[in-house]
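Asks: This is model.cif (mmCIF, C-alpha atoms).
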```cif
data_data
loop_
_atom_site.label_atom_id
_atom_site.label_comp_id
_atom_site.auth_asym_id
_atom_site.auth_seq_id
_atom_site.Cartn_x
_atom_site.Cartn_y
_atom_site.Cartn_z
CA MET A 671 144.30 141.12 146.10
CA SER A 672 141.67 138.57 147.23
CA GLU A 673 142.13 136.22 150.19
CA LEU A 674 142.05 133.24 147.78
CA SER A 675 144.89 134.72 145.71
CA ASN A 676 146.96 135.29 148.86
CA ARG A 677 146.44 131.69 149.94
CA GLN A 678 147.45 130.40 146.51
CA MET A 679 150.61 132.51 146.56
CA ILE A 680 151.53 131.29 150.06
CA VAL A 681 150.95 127.63 149.12
CA ARG A 682 153.06 128.00 145.99
CA THR A 683 155.89 129.73 147.87
CA VAL A 684 155.93 127.06 150.60
CA PHE A 685 155.93 124.32 147.95
CA GLN A 686 158.89 125.92 146.18
CA ILE A 687 160.88 126.26 149.42
CA VAL A 688 160.24 122.63 150.41
CA THR A 689 161.11 121.39 146.92
CA VAL A 690 164.37 123.35 146.83
CA LYS A 691 165.36 122.01 150.28
CA VAL A 692 164.70 118.44 149.14
CA LEU A 693 166.72 118.99 145.98
CA LEU A 694 169.65 120.47 147.89
CA LYS A 695 169.60 117.52 150.27
CA ILE A 696 169.71 115.13 147.31
CA CYS A 697 172.48 117.11 145.60
CA PHE A 698 174.84 116.78 148.56
CA ALA A 699 174.21 113.08 149.16
CA THR A 700 177.12 110.83 148.16
CA ASP A 701 176.78 109.11 144.79
CA VAL A 702 173.27 110.50 144.34
CA ILE A 703 172.40 112.96 141.60
CA PRO A 704 169.22 115.04 141.75
CA ALA A 705 168.07 114.10 138.24
CA ASN A 706 168.95 112.07 135.17
CA PHE A 707 168.09 113.39 131.71
CA VAL A 708 168.45 110.85 128.90
CA PHE A 709 168.69 111.51 125.16
CA GLY A 710 169.24 108.83 122.55
CA ASP A 711 167.95 106.07 120.32
CA SER A 712 166.60 102.55 120.84
CA LEU A 713 169.62 101.60 122.95
CA VAL A 714 168.15 103.71 125.76
CA ASP A 715 164.49 104.28 124.74
CA ALA A 716 162.27 103.53 127.75
CA GLY A 717 158.98 103.63 125.85
CA ASN A 718 158.59 106.95 124.02
CA ASN A 719 157.90 105.17 120.74
CA ASN A 720 154.87 103.50 122.34
CA TYR A 721 153.11 106.85 121.95
CA ILE A 722 153.90 107.68 118.33
CA ALA A 723 153.03 106.13 114.96
CA SER A 724 156.26 104.30 114.21
CA LEU A 725 157.53 101.03 112.79
CA SER A 726 160.26 101.15 115.44
CA LYS A 727 158.53 99.74 118.51
CA ALA A 728 159.26 97.22 121.23
CA ASN A 729 156.07 97.22 123.31
CA PHE A 730 155.31 93.57 122.59
CA VAL A 731 156.61 90.18 123.67
CA PRO A 732 159.18 88.77 123.94
CA ASN A 733 160.80 92.16 124.65
CA GLY A 734 160.97 92.71 128.39
CA ILE A 735 160.85 88.99 129.12
CA ASP A 736 163.20 89.54 132.08
CA PHE A 737 161.68 92.91 133.03
CA GLY A 738 158.22 91.68 133.92
CA GLY A 739 156.83 92.32 130.45
CA PRO A 740 157.28 94.63 127.45
CA THR A 741 157.63 98.34 128.21
CA GLY A 742 159.00 99.71 124.94
CA ARG A 743 162.61 98.91 125.85
CA PHE A 744 164.44 97.23 122.98
CA THR A 745 165.94 94.48 125.11
CA ASN A 746 165.01 91.58 127.36
CA GLY A 747 165.58 93.59 130.54
CA ARG A 748 167.14 96.92 131.43
CA THR A 749 168.93 99.45 129.28
CA ILE A 750 172.35 100.89 130.13
CA VAL A 751 170.83 104.06 131.61
CA ASP A 752 168.41 102.02 133.73
CA ILE A 753 171.35 100.20 135.30
CA ILE A 754 173.43 103.35 135.80
CA GLY A 755 170.47 105.02 137.50
CA GLN A 756 170.08 102.06 139.86
CA GLU A 757 173.79 102.05 140.67
CA LEU A 758 173.71 105.76 141.49
CA GLY A 759 170.74 105.32 143.80
CA LEU A 760 168.06 107.04 141.75
CA PRO A 761 164.51 106.13 142.75
CA GLY A 762 162.87 103.97 140.08
CA PHE A 763 163.56 104.23 136.36
CA THR A 764 163.66 107.55 134.52
CA PRO A 765 160.24 107.80 132.81
CA PRO A 766 159.76 108.38 129.06
CA TYR A 767 158.80 111.94 128.16
CA LEU A 768 155.61 110.96 126.31
CA ALA A 769 154.24 108.76 129.09
CA PRO A 770 151.21 110.22 130.91
CA THR A 771 153.02 109.60 134.21
CA ALA A 772 155.92 111.91 133.25
CA ARG A 773 154.21 114.98 134.65
CA GLY A 774 154.27 116.96 137.88
CA PRO A 775 156.97 116.51 140.56
CA VAL A 776 158.42 113.43 138.82
CA VAL A 777 160.13 115.66 136.23
CA LEU A 778 162.38 117.01 138.98
CA GLN A 779 164.16 113.65 138.99
CA GLY A 780 164.72 113.57 135.25
CA ILE A 781 163.08 112.46 132.03
CA ASN A 782 164.03 110.05 129.23
CA TYR A 783 163.60 111.60 125.76
CA ALA A 784 165.17 108.74 123.75
CA SER A 785 163.42 107.34 120.72
CA GLY A 786 164.00 104.18 118.71
CA GLY A 787 165.09 105.07 115.18
CA GLY A 788 166.21 108.56 116.21
CA GLY A 789 169.48 110.08 115.06
CA ILE A 790 171.66 113.15 114.95
CA LEU A 791 170.52 114.03 111.44
CA ASN A 792 166.84 114.81 111.01
CA HIS A 793 166.30 112.57 107.98
CA THR A 794 167.75 109.57 109.81
CA GLY A 795 165.16 106.85 110.44
CA ASN A 796 162.75 107.94 107.69
CA ILE A 797 162.05 104.29 106.96
CA PHE A 798 160.32 103.96 110.35
CA GLY A 799 157.91 106.84 109.84
CA GLY A 800 157.60 108.31 113.33
CA ARG A 801 160.70 108.76 115.49
CA ILE A 802 162.07 111.58 117.62
CA ASN A 803 165.45 112.77 116.41
CA PHE A 804 167.89 114.68 118.62
CA ASP A 805 166.70 118.16 117.63
CA ALA A 806 163.13 117.22 118.57
CA GLN A 807 164.32 115.61 121.82
CA LEU A 808 165.99 118.90 122.70
CA ASP A 809 162.71 120.69 121.96
CA ASN A 810 160.99 118.32 124.40
CA PHE A 811 163.65 119.01 127.02
CA GLU A 812 162.97 122.74 126.68
CA ASN A 813 159.33 122.03 127.55
CA THR A 814 160.42 120.10 130.63
CA ARG A 815 162.80 122.90 131.59
CA GLN A 816 159.97 125.42 131.47
CA ASP A 817 157.80 123.11 133.59
CA ILE A 818 160.56 122.91 136.21
CA ILE A 819 161.01 126.69 136.21
CA SER A 820 157.27 127.10 136.74
CA THR A 821 157.49 124.76 139.73
CA ILE A 822 160.65 125.81 141.58
CA GLY A 823 161.79 129.06 139.94
CA VAL A 824 164.70 129.99 137.72
CA SER A 825 167.62 129.90 140.18
CA ALA A 826 166.66 126.54 141.69
CA THR A 827 166.16 125.12 138.20
CA LEU A 828 169.64 126.20 137.11
CA GLU A 829 171.12 124.63 140.24
CA LEU A 830 169.20 121.42 139.62
CA LEU A 831 170.31 121.16 136.00
CA GLN A 832 173.94 121.95 136.79
CA SER A 833 174.01 119.09 139.32
CA SER A 834 172.15 116.58 137.14
CA LEU A 835 173.48 113.98 134.75
CA PHE A 836 172.77 114.30 131.03
CA SER A 837 173.56 111.46 128.65
CA VAL A 838 173.41 111.35 124.87
CA THR A 839 173.47 107.99 123.06
CA MET A 840 173.19 108.92 119.38
CA GLY A 841 174.75 108.13 116.02
CA SER A 842 174.18 104.42 115.34
CA ASN A 843 171.00 105.02 113.37
CA ASP A 844 172.69 107.67 111.25
CA PHE A 845 174.73 104.80 109.86
CA ILE A 846 172.46 101.75 110.13
CA ASN A 847 169.20 103.45 109.12
CA ASN A 848 170.56 106.23 106.94
CA TYR A 849 173.93 105.91 105.23
CA PHE A 850 173.87 102.10 105.15
CA THR A 851 170.14 101.51 104.65
CA PRO A 852 169.92 98.67 102.11
CA ILE A 853 168.90 99.69 98.58
CA VAL A 854 167.51 103.16 99.40
CA SER A 855 170.90 104.58 100.38
CA ALA A 856 172.89 103.13 97.50
CA GLU A 857 172.82 106.41 95.57
CA GLU A 858 173.80 108.47 98.60
CA GLN A 859 176.81 106.26 99.23
CA LYS A 860 177.97 106.91 95.66
CA LEU A 861 177.49 110.68 95.88
CA VAL A 862 178.56 111.33 99.49
CA PRO A 863 182.00 110.08 100.61
CA PRO A 864 182.11 108.61 104.14
CA GLN A 865 184.30 111.47 105.40
CA VAL A 866 181.75 114.04 104.20
CA PHE A 867 178.86 112.18 105.82
CA VAL A 868 180.71 111.88 109.14
CA ALA A 869 181.66 115.57 108.98
CA SER A 870 177.98 116.50 108.55
CA MET A 871 177.10 114.39 111.61
CA ILE A 872 179.80 116.00 113.75
CA ALA A 873 178.86 119.53 112.67
CA ARG A 874 175.21 118.92 113.55
CA PHE A 875 176.11 117.18 116.82
CA LYS A 876 178.27 120.13 117.88
CA LEU A 877 175.32 122.51 117.49
CA GLN A 878 173.03 120.15 119.41
CA LEU A 879 175.45 119.60 122.31
CA THR A 880 176.02 123.36 122.45
CA ARG A 881 172.27 123.86 122.73
CA LEU A 882 172.17 121.35 125.60
CA TYR A 883 174.84 123.33 127.43
CA THR A 884 173.11 126.67 126.90
CA SER A 885 169.92 125.10 128.31
CA GLY A 886 171.72 124.49 131.61
CA ALA A 887 173.41 121.07 131.31
CA ARG A 888 176.94 120.87 132.73
CA LYS A 889 177.61 117.16 133.33
CA ILE A 890 177.17 115.60 129.90
CA ILE A 891 178.01 112.01 128.95
CA VAL A 892 178.41 111.51 125.21
CA VAL A 893 178.33 107.85 124.17
CA ASN A 894 180.17 106.95 120.99
CA VAL A 895 178.93 104.58 118.26
CA GLY A 896 179.52 100.92 119.03
CA PRO A 897 180.93 98.29 116.66
CA ILE A 898 177.83 98.30 114.46
CA GLY A 899 179.51 95.98 111.95
CA CYS A 900 179.35 93.26 114.62
CA ILE A 901 175.61 93.33 115.32
CA PRO A 902 173.75 90.27 113.97
CA TYR A 903 171.87 92.44 111.45
CA GLU A 904 175.05 93.74 109.77
CA ARG A 905 176.72 90.32 109.90
CA ASP A 906 173.80 88.80 107.99
CA LEU A 907 173.73 91.69 105.50
CA ASN A 908 177.43 91.15 104.79
CA PRO A 909 177.84 87.36 104.40
CA THR A 910 181.20 87.72 102.63
CA ALA A 911 182.70 88.68 105.99
CA GLY A 912 182.13 85.09 107.12
CA THR A 913 182.37 84.81 110.89
CA SER A 914 184.03 88.22 111.17
CA CYS A 915 182.32 91.57 111.73
CA ALA A 916 181.36 93.66 108.68
CA GLY A 917 184.36 95.90 108.07
CA ARG A 918 182.94 99.03 106.45
CA PRO A 919 180.31 99.90 109.09
CA ASN A 920 182.96 99.55 111.80
CA GLN A 921 185.39 101.72 109.87
CA LEU A 922 182.85 104.54 109.64
CA ALA A 923 181.94 104.16 113.30
CA GLN A 924 185.62 104.50 114.22
CA LEU A 925 186.00 107.51 111.94
CA PHE A 926 183.04 109.18 113.65
CA ASN A 927 184.30 108.23 117.11
CA THR A 928 187.72 109.78 116.50
CA GLU A 929 186.06 113.07 115.58
CA LEU A 930 183.62 112.79 118.48
CA ARG A 931 186.38 112.34 121.06
CA SER A 932 188.03 115.52 119.80
CA LEU A 933 184.69 117.32 119.90
CA THR A 934 184.05 116.44 123.56
CA LYS A 935 187.48 117.79 124.50
CA GLU A 936 186.83 120.98 122.52
CA LEU A 937 183.44 121.56 124.15
CA THR A 938 184.78 121.03 127.67
CA THR A 939 187.52 123.55 127.00
CA SER A 940 185.17 126.06 125.39
CA PHE A 941 182.26 125.99 127.84
CA LYS A 942 182.92 127.23 131.36
CA GLY A 943 181.93 124.82 134.12
CA SER A 944 181.16 121.95 131.77
CA ILE A 945 182.46 118.39 131.63
CA PHE A 946 181.73 116.48 128.45
CA VAL A 947 182.57 112.84 129.16
CA TYR A 948 183.46 110.61 126.22
CA ALA A 949 182.06 107.10 126.79
CA ASP A 950 183.91 104.57 124.63
CA VAL A 951 181.18 101.95 124.25
CA TYR A 952 182.83 100.81 121.00
CA ARG A 953 185.87 99.63 122.95
CA ILE A 954 183.82 97.94 125.67
CA VAL A 955 181.43 96.08 123.33
CA ASP A 956 184.22 95.09 120.94
CA ASP A 957 186.10 93.62 123.90
CA MET A 958 183.00 91.67 124.95
CA ILE A 959 182.46 90.32 121.44
CA GLN A 960 186.09 89.30 120.88
CA ASN A 961 186.41 87.74 124.35
CA TYR A 962 182.82 86.71 125.00
CA ARG A 963 183.68 83.48 126.82
CA ALA A 964 185.87 85.35 129.29
CA TYR A 965 182.78 87.40 130.17
CA GLY A 966 180.66 84.28 130.71
CA PHE A 967 178.76 84.39 127.40
CA ASP A 968 178.15 81.44 125.08
CA SER A 969 177.67 83.68 122.03
CA GLY A 970 179.07 87.02 121.00
CA SER A 971 177.51 87.13 117.53
CA PHE A 972 174.09 85.42 117.44
CA ALA A 973 170.81 87.08 118.43
CA CYS A 974 168.99 85.50 121.37
CA CYS A 975 165.63 86.58 119.91
CA TYR A 976 165.65 85.49 116.28
CA ILE A 977 163.68 84.25 113.28
CA ALA A 978 166.04 84.01 110.32
CA GLY A 979 169.65 84.51 109.25
CA SER A 980 172.97 82.85 109.96
CA PHE A 981 173.31 85.15 112.97
CA GLY A 982 169.58 85.62 113.61
CA GLY A 983 169.82 89.13 112.25
CA LEU A 984 167.52 89.31 109.23
CA ILE A 985 164.15 89.91 110.92
CA PRO A 986 163.44 92.08 114.01
CA CYS A 987 162.47 90.43 117.28
CA GLY A 988 158.73 89.87 117.60
CA PRO A 989 155.99 87.61 118.96
CA SER A 990 156.77 84.87 116.41
CA SER A 991 160.51 84.86 117.20
CA LYS A 992 162.36 82.05 118.92
CA VAL A 993 164.04 83.00 122.19
CA CYS A 994 167.13 81.43 123.72
CA PRO A 995 166.45 79.80 127.11
CA ASP A 996 169.23 81.66 128.97
CA ARG A 997 169.45 85.32 127.93
CA SER A 998 172.43 85.90 130.23
CA LYS A 999 174.60 83.84 127.89
CA TYR A 1000 174.14 86.12 124.86
CA VAL A 1001 175.79 89.47 124.15
CA PHE A 1002 172.94 90.34 121.75
CA TRP A 1003 169.28 90.22 122.63
CA ASP A 1004 168.06 90.78 119.06
CA PRO A 1005 169.52 91.73 115.64
CA PHE A 1006 170.44 95.22 116.89
CA HIS A 1007 170.56 95.52 120.68
CA PRO A 1008 172.58 94.15 123.61
CA SER A 1009 171.04 91.89 126.23
CA ASP A 1010 170.48 92.94 129.84
CA ALA A 1011 173.61 90.95 130.78
CA ALA A 1012 175.72 92.87 128.25
CA ASN A 1013 174.20 96.18 129.35
CA VAL A 1014 175.24 95.45 132.95
CA ILE A 1015 178.88 95.06 131.87
CA ILE A 1016 178.77 98.22 129.74
CA ALA A 1017 177.11 100.25 132.50
CA LYS A 1018 179.53 99.16 135.21
CA ARG A 1019 182.59 99.92 133.08
CA LEU A 1020 181.21 103.38 132.31
CA LEU A 1021 180.47 103.91 135.98
CA ASP A 1022 183.80 102.80 137.41
CA GLY A 1023 186.13 102.27 134.45
CA ASP A 1024 189.46 103.91 133.77
CA SER A 1025 190.23 106.56 131.16
CA ASN A 1026 190.47 103.93 128.41
CA ASP A 1027 186.74 103.25 128.79
CA VAL A 1028 185.47 106.68 129.78
CA PHE A 1029 187.37 109.98 129.48
CA PRO A 1030 188.40 112.17 131.27
CA ILE A 1031 186.55 110.78 134.30
CA ASN A 1032 184.06 107.98 134.83
CA ILE A 1033 180.37 108.47 135.53
CA ARG A 1034 180.57 107.89 139.27
CA GLN A 1035 183.27 110.55 139.50
CA LEU A 1036 181.20 112.87 137.31
CA ALA A 1037 178.19 112.42 139.58
CA ASN A 1038 180.28 113.58 142.55
CA VAL A 1039 181.88 116.59 140.88
#
```
As structure tokens, what does this structure read like?
Replies:
Amino acid sequence: MSELSNRQMIVRTVFQIVTVKVLLKICFATDVIPANFVFGDSLVDAGNNNYIASLSKANFVPNGIDFGGPTGRFTNGRTIVDIIGQELGLPGFTPPYLAPTARGPVVLQGINYASGGGGILNHTGNIFGGRINFDAQLDNFENTRQDIISTIGVSATLELLQSSLFSVTMGSNDFINNYFTPIVSAEEQKLVPPQVFVASMIARFKLQLTRLYTSGARKIIVVNVGPIGCIPYERDLNPTAGTSCAGRPNQLAQLFNTELRSLTKELTTSFKGSIFVYADVYRIVDDMIQNYRAYGFDSGSFACCYIAGSFGGLIPCGPSSKVCPDRSKYVFWDPFHPSDAANVIIAKRLLDGDSNDVFPINIRQLANV
């Protein structure tokens, strides 16, 4: 073996030892997790869709108006996972997988795979063209996993993954931009009963969450579908509901959530060493909407960034949109997504809430398991 090869081997071995020591130090620090791996849709996308040909994008003003500028986040400021990461002491924000900066040592602290328009089912979000659905996000995670193994070895990688947080925020698009897509889904709704559609989502989701576990994840937060019938978009699509939320989308969300809660219990029981945490965002957001003034909001139904519609929900937020002067007074940033102020409330209740909000333990407790 040449002298150069020996030097390369020594440098690599030293690097691996130092990296493992740093990771172990992080693992045993209070309230600090070694890494945060994020899967989901536009509720938690940090900019992956900036790098694909898609109609679902947010890398333009006024998005990010309270973040220093647009980044690809579908809100005025931070997403829920951004805030949770800050609260747990993670350095910076978890970078999007497709960003050029998401390479090298940074992957050891986690990656965000979320994509606006993505869903559990692979045909969800077809209307947007490009999007990264959950199966493809899992493929991307496998690439990251191999990169980590190449850097620190198999055993250290398994230890890292078992100590890390994994969160999955999926399902809303399977309803909004699949089963309930105006006009194009009318035939599907006639042929496929809601119970059958929800069952197909749960069956697929079970396989995907199982794959995540077999890839090394042990601390997995599964976020349910929020009250989608209450978003400005659905309110404007269903004017007969008046000032109330659209009933049918909420009914299907609740049907899915009931099955999802049972699934998380089943997976925790079935998979040794795992904790699948059920995050009841439906309950939290519904509470905010029904009692918005108690939370300090002026509106629980109208979009802050709007162009048209009784609730500002008919046209997506864009450069020609009007923007409310005080975003902290609105639950909804745009026709589909919560504001930074709403995300703070959601994140803090998931972090420190009781078993009504997050079951069986909250995220801060999960981080310290």
Asks: Just the number, please: distance in Å from CA of Val838 (chain A) to CA of Asn908 (chain A), one decimal.
Replies: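 That distance, rounded to one decimal, is 28.8 Å.
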Asks: Taking the file above as input, evaluate the PyMOL selection byres ((chain A and resi 761) around 12) and report the hits as a list in words.
Replies: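 Taken over the shown coordinates, the PyMOL selection byres ((chain A and resi 761) around 12) returns Ile696, Val702, Ile703, Pro704, Ala705, Asn706, Asp752, Ile753, Ile754, Gly755, Gln756, Glu757, Leu758, Gly759, Leu760, Gly762, Phe763, Thr764, Pro765, Val776, Leu778, Gln779 and Gly780 of chain A.
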Asks: Between CA of Tyr903 (chain A) and CA of Pro989 (chain A), what is the distance in Å, rounded to a tenth?
Replies: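 If I compute the distance from CA of Tyr903 (chain A) to CA of Pro989 (chain A), I get 18.2 Å.
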Asks: Running the PyMOL selection byres ((chain A and resi 918) around 10) on this model by hand, what would come out? Give it as a list in words.
Replies: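 That selection, the PyMOL selection byres ((chain A and resi 918) around 10), comes back as Phe850, Pro864, Ile898, Gly899, Asn908, Cys915, Ala916, Gly917, Pro919, Asn920, Gln921, Leu922, Ala923 and Gln924 of chain A.
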Asks: Which polymer residues have any atom within 9 Å of an atom of region 875-888 of chain A, counting all atoms listed in the file, with same-chain residues fewer than 4 positions away left out, as a PyMOL selection string?
Replies: chain A and resi 790-791+804-805+808+811-812+815+827-836+838+870-871+930+933-934+937+941-946
Asks: Go through A:Asn729, A:Ser724, A:Asn843, A:Thr771 and flag the residue nearest Gly788 (chain A), using only C-alpha atoms for the distances.
Replies: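 Distance minimum relative to Gly788 (chain A) lands on A:Asn843.
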Asks: Could you list as a ChimeraX atom specification every residue that has an atom within 9 Å of (163.4, 91.9, 117.0), using the file's coordinates and counting only C-alpha atoms?
Replies: /A:728,732-733,744-745,973,975-977,983,985-989,991,1003-1007
Asks: What gap, in Å, lies between CA of Asn1013 (chain A) and CA of Thr749 (chain A)?
Replies: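 About the pair CA of Asn1013 (chain A) and CA of Thr749 (chain A): they are 6.2 Å apart.
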Asks: So, counting all atoms listed in the file, which residue among A:Arg773, A:Arg997, A:His793, A:Arg1019 is closest to Gly966 (chain A)?
Replies: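 Residue with the minimum atom-to-atom distance to Gly966 (chain A): A:Arg997.
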Asks: Would you list the contacts of Asn796 (chain A) as an MDAnalysis selection string, taking every protein, DNA or RNA residue within 12 Å and counting all atoms listed in the file, but skipping same-chain residues closer than 5 positions in sequence?
Replies: chainID A and resid 724:726 786:789 791 801:803 843:844 846:849 851 854:855
Asks: Give me the residues near Ser998 (chain A) as JSON, numbers by chain, where near means some atom within 9 Å (using all atoms listed in the file) and where sequence neighbours in that chain fewer than 4 positions away do not count.
Replies: {"A": [966, 967, 968, 1009, 1010, 1011, 1012]}
Asks: If the PyMOL selection byres ((chain A and resi 971) around 8) were run on this exact file, what residues would it hold? Put them as a compact mmCIF listing (two decimals) with C-alpha atoms, in the coordinates of the input.
Replies:
```txt
# COMPACT_ATOMS: atom_id res chain seq x y z
CA CYS A 900 179.35 93.26 114.62
CA ILE A 901 175.61 93.33 115.32
CA PRO A 902 173.75 90.27 113.97
CA ILE A 959 182.46 90.32 121.44
CA SER A 969 177.67 83.68 122.03
CA GLY A 970 179.07 87.02 121.00
CA PHE A 972 174.09 85.42 117.44
CA ALA A 973 170.81 87.08 118.43
CA PHE A 981 173.31 85.15 112.97
CA VAL A 1001 175.79 89.47 124.15
CA PHE A 1002 172.94 90.34 121.75
```
Asks: Enumerate, as number ranges by chain, the protein, DNA and RNA residues whose atoms approach (170.8, 103.2, 118.3) to within 6 Å, taking into account only C-alpha atoms and the coordinate frame of the file.
Replies: A: 711-713, 842-843
Asks: Find the spatial neighbours of Tyr767 (chain A), counting only C-alpha atoms, within a cut-off of 12 Å - ignore same-chain residues fewer than 6 positions away - and output them as a PyMOL selection string.
Replies: chain A and resi 707-709+715-722+773-774+776-777+780-785+802+806-814
Asks: Using only C-alpha atoms for the distances, tell me which of A:Gly979, A:Val951, A:Arg1034, A:Cys974 is nearest to Lys992 (chain A).
Replies: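 Among A:Gly979, A:Val951, A:Arg1034, A:Cys974, it is A:Cys974 that comes nearest to Lys992 (chain A).
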Asks: Pick the closest to Phe926 (chain A) from A:Asp1022, A:Glu904, A:Asp1027, A:Asp950: which is it, counting all atoms listed in the file?
Replies: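 Of the candidates, the smallest distance to Phe926 (chain A) is held by A:Asp950.
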Asks: Using only C-alpha atoms for the distances, tell me which of A:Val993, A:Asn792, A:Phe1029, A:Leu1020 is nearest to Gly734 (chain A).
Replies: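 Nearest to Gly734 (chain A): A:Val993.
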Asks: Which of these, A:Ser940, A:Asn746, A:Ser820, A:Gln1035, has the shortest distance to Leu1021 (chain A) once you count all atoms listed in the file?
Replies: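 The answer is A:Gln1035, which sits nearest to Leu1021 (chain A).
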